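Participant: Next up, target.cif (mmCIF, C-alpha atoms).
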```cif
data_protein
#
loop_
_atom_site.label_atom_id
_atom_site.label_comp_id
_atom_site.auth_asym_id
_atom_site.auth_seq_id
_atom_site.Cartn_x
_atom_site.Cartn_y
_atom_site.Cartn_z
CA MET G 1 -82.15 15.79 161.39
CA ILE G 2 -85.21 13.57 161.75
CA ILE G 3 -87.44 13.24 158.67
CA SER G 4 -90.83 11.56 158.40
CA VAL G 5 -91.62 10.29 154.92
CA ALA G 6 -95.41 10.39 154.96
CA ASN G 7 -98.51 10.17 152.82
CA GLN G 8 -101.69 8.36 153.81
CA LYS G 9 -102.03 7.15 150.23
CA GLY G 10 -100.39 3.76 149.70
CA GLY G 11 -98.12 2.92 146.77
CA CYS G 12 -96.66 6.40 146.38
CA GLY G 13 -93.03 5.48 147.00
CA LYS G 14 -92.54 6.18 150.71
CA THR G 15 -90.53 3.03 151.40
CA THR G 16 -88.51 3.35 148.19
CA THR G 17 -87.69 6.95 149.05
CA VAL G 18 -86.58 6.11 152.59
CA ALA G 19 -84.44 3.18 151.42
CA ASN G 20 -82.72 5.07 148.63
CA LEU G 21 -82.22 8.45 150.29
CA GLY G 22 -80.92 6.69 153.37
CA SER G 23 -78.51 4.62 151.29
CA VAL G 24 -77.21 7.64 149.37
CA LEU G 25 -76.64 9.68 152.51
CA SER G 26 -75.03 6.78 154.37
CA GLU G 27 -72.02 7.01 152.06
CA LYS G 28 -70.90 10.13 153.94
CA HIS G 29 -73.17 10.33 156.98
CA LYS G 30 -74.42 8.27 159.91
CA VAL G 31 -77.99 7.26 159.04
CA LEU G 32 -80.78 5.49 160.90
CA LEU G 33 -83.91 4.18 159.17
CA ILE G 34 -87.03 3.38 161.22
CA ASP G 35 -89.78 1.16 159.84
CA ILE G 36 -92.97 2.07 161.71
CA ASP G 37 -95.34 0.48 159.18
CA PRO G 38 -96.94 -2.84 160.24
CA GLN G 39 -96.52 -4.05 156.65
CA GLY G 40 -92.76 -3.92 157.22
CA ASN G 41 -91.94 -3.14 153.60
CA LEU G 42 -88.77 -1.23 154.48
CA THR G 43 -87.57 -4.22 156.48
CA THR G 44 -88.24 -6.49 153.50
CA HIS G 45 -86.59 -3.96 151.16
CA PHE G 46 -83.24 -4.64 152.84
CA GLY G 47 -83.62 -8.40 152.74
CA ILE G 48 -84.12 -8.75 156.50
CA ASP G 49 -85.66 -12.10 157.49
CA LYS G 50 -88.64 -11.14 159.65
CA SER G 51 -88.99 -14.66 161.03
CA GLN G 52 -85.59 -14.31 162.72
CA LEU G 53 -86.28 -10.98 164.39
CA LYS G 54 -86.37 -11.03 168.18
CA TYR G 55 -86.84 -7.30 168.74
CA THR G 56 -88.66 -4.80 166.52
CA ILE G 57 -90.38 -1.42 166.59
CA TYR G 58 -93.34 -3.24 168.19
CA ASP G 59 -91.27 -3.89 171.30
CA VAL G 60 -89.98 -0.32 171.24
CA MET G 61 -93.51 1.12 171.21
CA LEU G 62 -94.43 -1.10 174.17
CA ASN G 63 -91.80 0.14 176.64
CA GLY G 64 -88.67 -1.28 174.95
CA ARG G 65 -85.45 0.57 174.09
CA LEU G 66 -84.96 1.78 170.53
CA GLU G 67 -81.27 0.93 170.54
CA ASP G 68 -82.06 -2.72 171.26
CA ALA G 69 -84.00 -3.00 167.99
CA ILE G 70 -81.30 -1.58 165.70
CA ILE G 71 -79.85 -3.84 163.00
CA ALA G 72 -76.71 -2.83 161.10
CA LYS G 73 -77.08 -3.25 157.33
CA GLY G 74 -73.97 -2.09 155.52
CA ASN G 75 -73.45 1.59 156.32
CA LEU G 76 -77.01 1.90 157.60
CA ASP G 77 -78.73 1.21 160.89
CA ILE G 78 -82.32 -0.03 160.63
CA VAL G 79 -85.12 -0.51 163.15
CA PRO G 80 -87.29 -3.26 161.60
CA SER G 81 -91.03 -3.85 161.73
CA THR G 82 -93.38 -6.82 161.42
CA ILE G 83 -97.14 -7.31 161.33
CA ASP G 84 -97.04 -7.56 165.14
CA LEU G 85 -96.99 -3.77 165.19
CA ALA G 86 -100.64 -3.71 164.09
CA GLY G 87 -101.58 -5.05 167.52
CA ALA G 88 -99.71 -2.28 169.29
CA GLU G 89 -102.29 0.28 168.19
CA VAL G 90 -104.93 -1.52 170.26
CA GLU G 91 -102.54 -2.06 173.18
CA LEU G 92 -101.68 1.63 173.24
CA ASN G 93 -105.31 2.74 173.08
CA GLY G 94 -106.05 5.06 175.98
CA LYS G 95 -102.43 5.35 177.08
CA ILE G 96 -101.61 8.90 178.15
CA GLY G 97 -98.96 10.52 175.98
CA ARG G 98 -98.97 7.72 173.41
CA GLU G 99 -98.26 10.24 170.61
CA TYR G 100 -94.87 11.02 172.18
CA ILE G 101 -93.52 7.46 172.59
CA LEU G 102 -91.19 7.47 169.56
CA ASP G 103 -90.06 11.02 170.30
CA HIS G 104 -88.97 10.03 173.82
CA LYS G 105 -87.16 6.91 172.53
CA LEU G 106 -85.37 8.82 169.78
CA LYS G 107 -84.12 11.55 172.11
CA ARG G 108 -81.81 8.99 173.73
CA ILE G 109 -79.95 8.16 170.52
CA SER G 110 -80.72 10.75 167.81
CA LYS G 111 -77.48 12.68 168.41
CA LYS G 112 -75.54 9.64 167.19
CA TYR G 113 -76.99 10.14 163.71
CA ASP G 114 -76.80 12.86 161.07
CA PHE G 115 -80.07 11.71 159.50
CA VAL G 116 -83.01 9.67 160.76
CA PHE G 117 -85.68 8.67 158.22
CA ILE G 118 -89.01 7.23 159.38
CA ASP G 119 -91.09 5.16 156.97
CA THR G 120 -94.73 5.66 157.96
CA PRO G 121 -97.83 3.54 157.21
CA PRO G 122 -100.45 4.59 154.62
CA SER G 123 -102.73 6.11 157.25
CA LEU G 124 -102.92 9.03 159.65
CA GLY G 125 -103.14 6.83 162.74
CA ILE G 126 -101.08 6.62 165.91
CA PHE G 127 -97.86 5.46 164.21
CA THR G 128 -97.84 8.32 161.71
CA LEU G 129 -98.62 10.73 164.57
CA ASN G 130 -95.68 9.32 166.56
CA SER G 131 -93.44 9.81 163.55
CA LEU G 132 -94.56 13.41 162.98
CA VAL G 133 -94.19 14.33 166.65
CA ALA G 134 -90.64 12.94 166.65
CA SER G 135 -89.58 14.69 163.43
CA ASP G 136 -88.03 17.97 162.39
CA TYR G 137 -89.29 17.69 158.82
CA VAL G 138 -91.84 15.88 156.67
CA LEU G 139 -91.09 14.72 153.12
CA ILE G 140 -94.20 13.83 151.10
CA PRO G 141 -93.81 11.49 148.11
CA VAL G 142 -96.60 12.02 145.56
CA GLN G 143 -97.32 9.37 142.95
CA ALA G 144 -97.67 10.68 139.39
CA GLU G 145 -101.09 9.09 138.81
CA PHE G 146 -104.76 10.12 139.00
CA PHE G 147 -106.11 10.80 142.52
CA ALA G 148 -102.54 11.35 143.77
CA LEU G 149 -103.44 14.75 145.18
CA GLU G 150 -106.38 13.38 147.15
CA GLY G 151 -105.61 13.55 150.84
CA LEU G 152 -102.74 16.02 150.60
CA THR G 153 -104.88 18.76 152.13
CA GLN G 154 -105.79 16.44 155.00
CA LEU G 155 -102.14 15.52 155.58
CA MET G 156 -101.14 19.19 155.65
CA ARG G 157 -103.94 19.81 158.17
CA VAL G 158 -102.67 16.99 160.39
CA ILE G 159 -99.16 18.48 160.34
CA LYS G 160 -100.61 21.82 161.47
CA LEU G 161 -102.58 20.10 164.24
CA VAL G 162 -99.45 18.30 165.44
CA ASN G 163 -97.68 21.64 165.68
CA SER G 164 -100.51 23.49 167.41
CA ARG G 165 -101.97 20.86 169.73
CA LEU G 166 -98.91 18.75 170.48
CA SER G 167 -96.45 21.66 170.76
CA ARG G 168 -94.21 20.67 167.86
CA ASP G 169 -92.48 22.62 165.10
CA VAL G 170 -92.53 20.14 162.22
CA LYS G 171 -91.67 21.74 158.89
CA LEU G 172 -92.52 20.57 155.38
CA LEU G 173 -89.28 19.61 153.66
CA GLY G 174 -91.06 19.28 150.33
CA MET G 175 -93.17 17.17 148.00
CA LEU G 176 -91.39 14.63 145.83
CA LEU G 177 -93.04 13.49 142.60
CA THR G 178 -92.47 9.76 142.14
CA MET G 179 -93.20 7.13 139.44
CA TYR G 180 -93.27 9.84 136.78
CA ASN G 181 -93.75 8.77 133.17
CA SER G 182 -93.40 11.68 130.75
CA ARG G 183 -95.24 9.70 128.06
CA THR G 184 -98.51 9.50 129.97
CA ARG G 185 -101.18 12.15 130.26
CA SER G 186 -101.86 11.37 133.93
CA SER G 187 -98.23 11.99 134.96
CA LYS G 188 -98.17 15.32 133.16
CA GLU G 189 -101.48 16.38 134.71
CA VAL G 190 -100.34 15.51 138.23
CA LEU G 191 -97.13 17.48 137.71
CA ASN G 192 -99.12 20.48 136.44
CA ASP G 193 -101.54 20.25 139.38
CA LEU G 194 -98.67 20.14 141.88
CA LYS G 195 -97.07 23.16 140.24
CA LYS G 196 -100.41 24.97 140.36
CA HIS G 197 -101.36 24.22 143.97
CA TYR G 198 -98.05 23.45 145.71
CA SER G 199 -95.42 25.29 143.67
CA ARG G 200 -93.51 26.46 146.75
CA ASP G 201 -93.31 22.95 148.18
CA LEU G 202 -92.61 20.87 145.06
CA LEU G 203 -89.02 19.67 144.81
CA ASN G 204 -87.21 20.11 141.49
CA THR G 205 -86.07 16.48 141.42
CA ILE G 206 -88.55 14.01 139.92
CA ILE G 207 -88.28 10.24 140.41
CA PRO G 208 -89.11 8.47 137.11
CA ARG G 209 -91.02 5.22 136.84
CA ASN G 210 -88.28 2.64 136.41
CA VAL G 211 -88.17 -1.18 136.43
CA THR G 212 -84.99 -0.96 138.53
CA ILE G 213 -87.12 -0.04 141.56
CA THR G 214 -89.10 -3.28 141.30
CA ASP G 215 -86.04 -5.41 140.53
CA SER G 216 -84.04 -3.98 143.41
CA THR G 217 -86.86 -4.55 145.89
CA MET G 218 -87.07 -8.20 144.84
CA ALA G 219 -83.31 -8.45 145.29
CA GLY G 220 -83.51 -7.01 148.81
CA LYS G 221 -81.44 -3.94 147.95
CA PRO G 222 -82.09 -0.22 147.38
CA ALA G 223 -81.99 0.81 143.71
CA VAL G 224 -79.00 3.09 144.30
CA THR G 225 -76.84 0.11 145.25
CA TYR G 226 -78.51 -2.47 143.00
CA ARG G 227 -78.10 -0.47 139.76
CA LYS G 228 -76.37 2.84 140.39
CA ASN G 229 -76.69 4.22 136.86
CA ALA G 230 -80.42 3.55 136.41
CA PRO G 231 -82.58 6.68 135.87
CA ALA G 232 -84.38 6.32 139.23
CA SER G 233 -81.08 5.80 141.07
CA LYS G 234 -79.60 8.90 139.50
CA SER G 235 -82.64 10.90 140.57
CA TYR G 236 -82.26 9.79 144.18
CA PHE G 237 -78.57 10.70 144.12
#
```
Would you mind writing the structure in this file as structure tokens?

Facilitator:
Amino acid sequence: MIISVANQKGGCGKTTTVANLGSVLSEKHKVLLIDIDPQGNLTTHFGIDKSQLKYTIYDVMLNGRLEDAIIAKGNLDIVPSTIDLAGAEVELNGKIGREYILDHKLKRISKKYDFVFIDTPPSLGIFTLNSLVASDYVLIPVQAEFFALEGLTQLMRVIKLVNSRLSRDVKLLGMLLTMYNSRTRSSKEVLNDLKKHYSRDLLNTIIPRNVTITDSTMAGKPAVTYRKNAPASKSYF
């Protein structure tokens, strides 16, 4: 199962969701995480030293092999990213079939894994398109703050366009409310809006705002391994 974790809005918990869901599932399953964001936050999340990387998703997108970029990190396999990936968008400009690059690369190795999670950039550009084309499902983290619902309609439209124009069958796995604080009005309003407009797609699990997320990121570990009993960790489990 290949899952894109996508939302063109930054700071909504995409990387945190990929890192923690991947870590939880890796206890019993074979899991691959792909960082296709030039910011490389997922790579940093696992304490990977970017300066020592010789092969990344950048090389994969420019005719390299996906398997050559994989780094083992505990029970997980990770394909890292660096800022070099930002240049690949220009280098791929005009290339025929550029939306299918990741899909073709993944087909070679995807059967080795039970789950593949792809951490996408906060945009609807070529890397997010590659991720959607390669995926079976899309999981959309939604931050529990004002303006969180802005852009969701556009993202849903892009998913439909990928299916119709690029001959895919990508399904919405669900929307995951993140950074929820039950004491704030904004969190409650976002939750009510999601229930009103996306009730069929909203997952029951809610990820609370929790200092463990920040602390674990600074420590180079997912929250679920850094502090297993923290509220956010329990929600991801």

Participant: On this structure, the PyMOL selection byres ((chain G and resi 181) around 12) would catch which residues? List them as a list in words, sorted by chain and number.

Facilitator: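 Against this file, the PyMOL selection byres ((chain G and resi 181) around 12) returns the residues Gln143, Ala144, Glu145, Leu177, Thr178, Met179, Tyr180, Ser182, Arg183, Thr184, Arg185, Ser186, Ser187, Lys188, Glu189, Val190, Leu191, Ile206, Ile207, Pro208, Arg209, Asn210, Val211, Pro231 and Ala232 of chain G.
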
Participant: Rank G:Leu76, G:Val60, G:Ala19, G:Leu166 by their smallest atom-to-atom distance to G:Asp114, using only C-alpha atoms, and report the top residue only.

Facilitator: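 Going through G:Leu76, G:Val60, G:Ala19, G:Leu166 one by one, the smallest distance to G:Asp114 is for G:Leu76.
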
Participant: Which one is closest to G:Ser131: G:Ile213, G:Cys12, G:Leu176, G:Ile101? Count only C-alpha atoms.

Facilitator: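 Smallest separation from G:Ser131 among the options: G:Ile101.
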
Participant: For G:Met218, find every residue with an atom within 9 Å (counting all atoms listed in the file), except residues of its own chain fewer than 2 positions away, and show them as an NGL selection string.

Facilitator: :G and (44-45 or 47 or 213-216 or 220-221)

Participant: Once you have the residues from the selection above, write them out as a PDB file, in the coordinates of the input, restricted to C-alpha atoms.

Facilitator:
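See part13.pdb below for the written result:
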```pdb
ATOM      1  CA  THR G  44     -88.240  -6.490 153.500  1.00  0.00           C
ATOM      2  CA  HIS G  45     -86.590  -3.960 151.160  1.00  0.00           C
ATOM      3  CA  GLY G  47     -83.620  -8.400 152.740  1.00  0.00           C
ATOM      4  CA  ILE G 213     -87.120  -0.040 141.560  1.00  0.00           C
ATOM      5  CA  THR G 214     -89.100  -3.280 141.300  1.00  0.00           C
ATOM      6  CA  ASP G 215     -86.040  -5.410 140.530  1.00  0.00           C
ATOM      7  CA  SER G 216     -84.040  -3.980 143.410  1.00  0.00           C
ATOM      8  CA  GLY G 220     -83.510  -7.010 148.810  1.00  0.00           C
ATOM      9  CA  LYS G 221     -81.440  -3.940 147.950  1.00  0.00           C
TER      10      LYS G 221
END
```

Participant: Do you know which residues are at most 9 Å from stretch 30-32 of chain G counting all atoms listed in the file, after dropping those on the same chain fewer than 2 positions away, and could you put them as a short mmCIF file (atom, residue, chain, number, x, y, z; two decimals) with C-alpha atoms, in the coordinates of the input?

Facilitator:
```
data_model
loop_
_atom_site.label_atom_id
_atom_site.label_comp_id
_atom_site.auth_asym_id
_atom_site.auth_seq_id
_atom_site.Cartn_x
_atom_site.Cartn_y
_atom_site.Cartn_z
CA GLY G 22 -80.92 6.69 153.37
CA SER G 23 -78.51 4.62 151.29
CA LEU G 25 -76.64 9.68 152.51
CA SER G 26 -75.03 6.78 154.37
CA GLU G 27 -72.02 7.01 152.06
CA LYS G 28 -70.90 10.13 153.94
CA ILE G 34 -87.03 3.38 161.22
CA ILE G 70 -81.30 -1.58 165.70
CA ASN G 75 -73.45 1.59 156.32
CA LEU G 76 -77.01 1.90 157.60
CA ASP G 77 -78.73 1.21 160.89
CA ILE G 78 -82.32 -0.03 160.63
CA VAL G 79 -85.12 -0.51 163.15
CA SER G 110 -80.72 10.75 167.81
CA LYS G 112 -75.54 9.64 167.19
CA TYR G 113 -76.99 10.14 163.71
CA ASP G 114 -76.80 12.86 161.07
CA PHE G 115 -80.07 11.71 159.50
CA VAL G 116 -83.01 9.67 160.76
CA PHE G 117 -85.68 8.67 158.22
CA ILE G 118 -89.01 7.23 159.38
#
```

Participant: Which residue gives the smallest distance to G:Lys105 among G:Ser233, G:Thr17, G:Gln39, G:Asn130, with all atoms listed in the file counted?

Facilitator: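 Counting all atoms listed in the file, the residue closest to G:Lys105 is G:Asn130.
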
Participant: Could you tell me which residues the PyMOL selection byres ((chain G and resi 202) around 6) returns for this structure, as a ChimeraX atom specification?

Facilitator: /G:174-175,199-201,203

Participant: Kindly export the residues of the current selection with C-alpha atoms, as a CSV table (one decimal), keeping the file's coordinate frame.

Facilitator:
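File again.csv, as written:
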```csv
chain,number,residue,atom,x,y,z
G,174,GLY,CA,-91.1,19.3,150.3
G,175,MET,CA,-93.2,17.2,148.0
G,199,SER,CA,-95.4,25.3,143.7
G,200,ARG,CA,-93.5,26.5,146.8
G,201,ASP,CA,-93.3,23.0,148.2
G,203,LEU,CA,-89.0,19.7,144.8
```

Participant: Work out how far apart atom CA of G:Val142 and atom CA of G:Tyr198 are and give it in Å to one decimal.

Facilitator: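 Spanning atom CA of G:Val142 to atom CA of G:Tyr198 is a straight-line distance of 11.5 Å.
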
Participant: Quick one: pull the distance between atom CA of G:Lys95 and atom CA of G:Arg165, Å, one decimal.

Facilitator: 17.2 Å

Participant: One decimal, in Å: what's the spacing between atom CA of G:Thr205 and atom CA of G:Tyr236?

Facilitator: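 Straight-line distance from atom CA of G:Thr205 to atom CA of G:Tyr236 works out to 8.2 Å.
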
Participant: Please determine an axis-aligned box that encloses all atoms of stretch 132-142 of chain G listed in the file, with 3 Å added on each side, and express its centre and edge lengths in Å to one decimal as AutoDock Vina command-line options.

Facilitator:
```
--center_x -92.3 --center_y 14.7 --center_z 156.1 --size_x 14.6 --size_y 12.5 --size_z 27.1
```

Participant: Carefully work through the PyMOL selection byres ((chain G and resi 15) around 9) for this structure and note down the residues it includes, as a count of residues only.

Facilitator: 16

Participant: Using only C-alpha atoms and a cutoff of 12 Å, can you tell me which residues are near (-100.9, 16.6, 163.6) in the file's coordinates, and write them out as a compact mmCIF listing (two decimals) with C-alpha atoms, keeping the file's coordinate frame?

Facilitator:
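The new file part37.txt reads:
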```
# COMPACT_ATOMS: atom_id res chain seq x y z
CA ALA G 6 -95.41 10.39 154.96
CA GLU G 99 -98.26 10.24 170.61
CA TYR G 100 -94.87 11.02 172.18
CA LEU G 124 -102.92 9.03 159.65
CA GLY G 125 -103.14 6.83 162.74
CA ILE G 126 -101.08 6.62 165.91
CA PHE G 127 -97.86 5.46 164.21
CA THR G 128 -97.84 8.32 161.71
CA LEU G 129 -98.62 10.73 164.57
CA ASN G 130 -95.68 9.32 166.56
CA SER G 131 -93.44 9.81 163.55
CA LEU G 132 -94.56 13.41 162.98
CA VAL G 133 -94.19 14.33 166.65
CA ALA G 134 -90.64 12.94 166.65
CA SER G 135 -89.58 14.69 163.43
CA VAL G 138 -91.84 15.88 156.67
CA GLN G 154 -105.79 16.44 155.00
CA LEU G 155 -102.14 15.52 155.58
CA MET G 156 -101.14 19.19 155.65
CA ARG G 157 -103.94 19.81 158.17
CA VAL G 158 -102.67 16.99 160.39
CA ILE G 159 -99.16 18.48 160.34
CA LYS G 160 -100.61 21.82 161.47
CA LEU G 161 -102.58 20.10 164.24
CA VAL G 162 -99.45 18.30 165.44
CA ASN G 163 -97.68 21.64 165.68
CA SER G 164 -100.51 23.49 167.41
CA ARG G 165 -101.97 20.86 169.73
CA LEU G 166 -98.91 18.75 170.48
CA SER G 167 -96.45 21.66 170.76
CA ARG G 168 -94.21 20.67 167.86
CA ASP G 169 -92.48 22.62 165.10
CA VAL G 170 -92.53 20.14 162.22
CA LYS G 171 -91.67 21.74 158.89
```

Participant: Looking at all atoms listed in the file, which of G:Asp136, G:Asp84, G:Asp193, G:Asp37 is the one that sits closest to G:Leu149?

Facilitator: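 The shortest atom-to-atom distance to G:Leu149 comes from G:Asp193.
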
Participant: Show me the residues around (-85.5, -10.2, 163.8) - criterion: an atom at most 9 Å away, only C-alpha atoms counted - as a ChimeraX atom specification.

Facilitator: /G:48-56,69,71,80-82

Participant: Could you tell me which of G:Ile83, G:Lys196, G:Pro141, G:Asn229 comes closest to G:Thr212 if we count all atoms listed in the file?

Facilitator: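 Once distances to G:Thr212 are computed over all atoms listed in the file, the minimum belongs to G:Asn229.
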
Participant: From the list G:Leu194, G:Ala223, G:Ile36, G:Ala230, which residue is nearest G:Pro122 when using all atoms listed in the file?

Facilitator: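 Residue with the minimum atom-to-atom distance to G:Pro122: G:Ile36.
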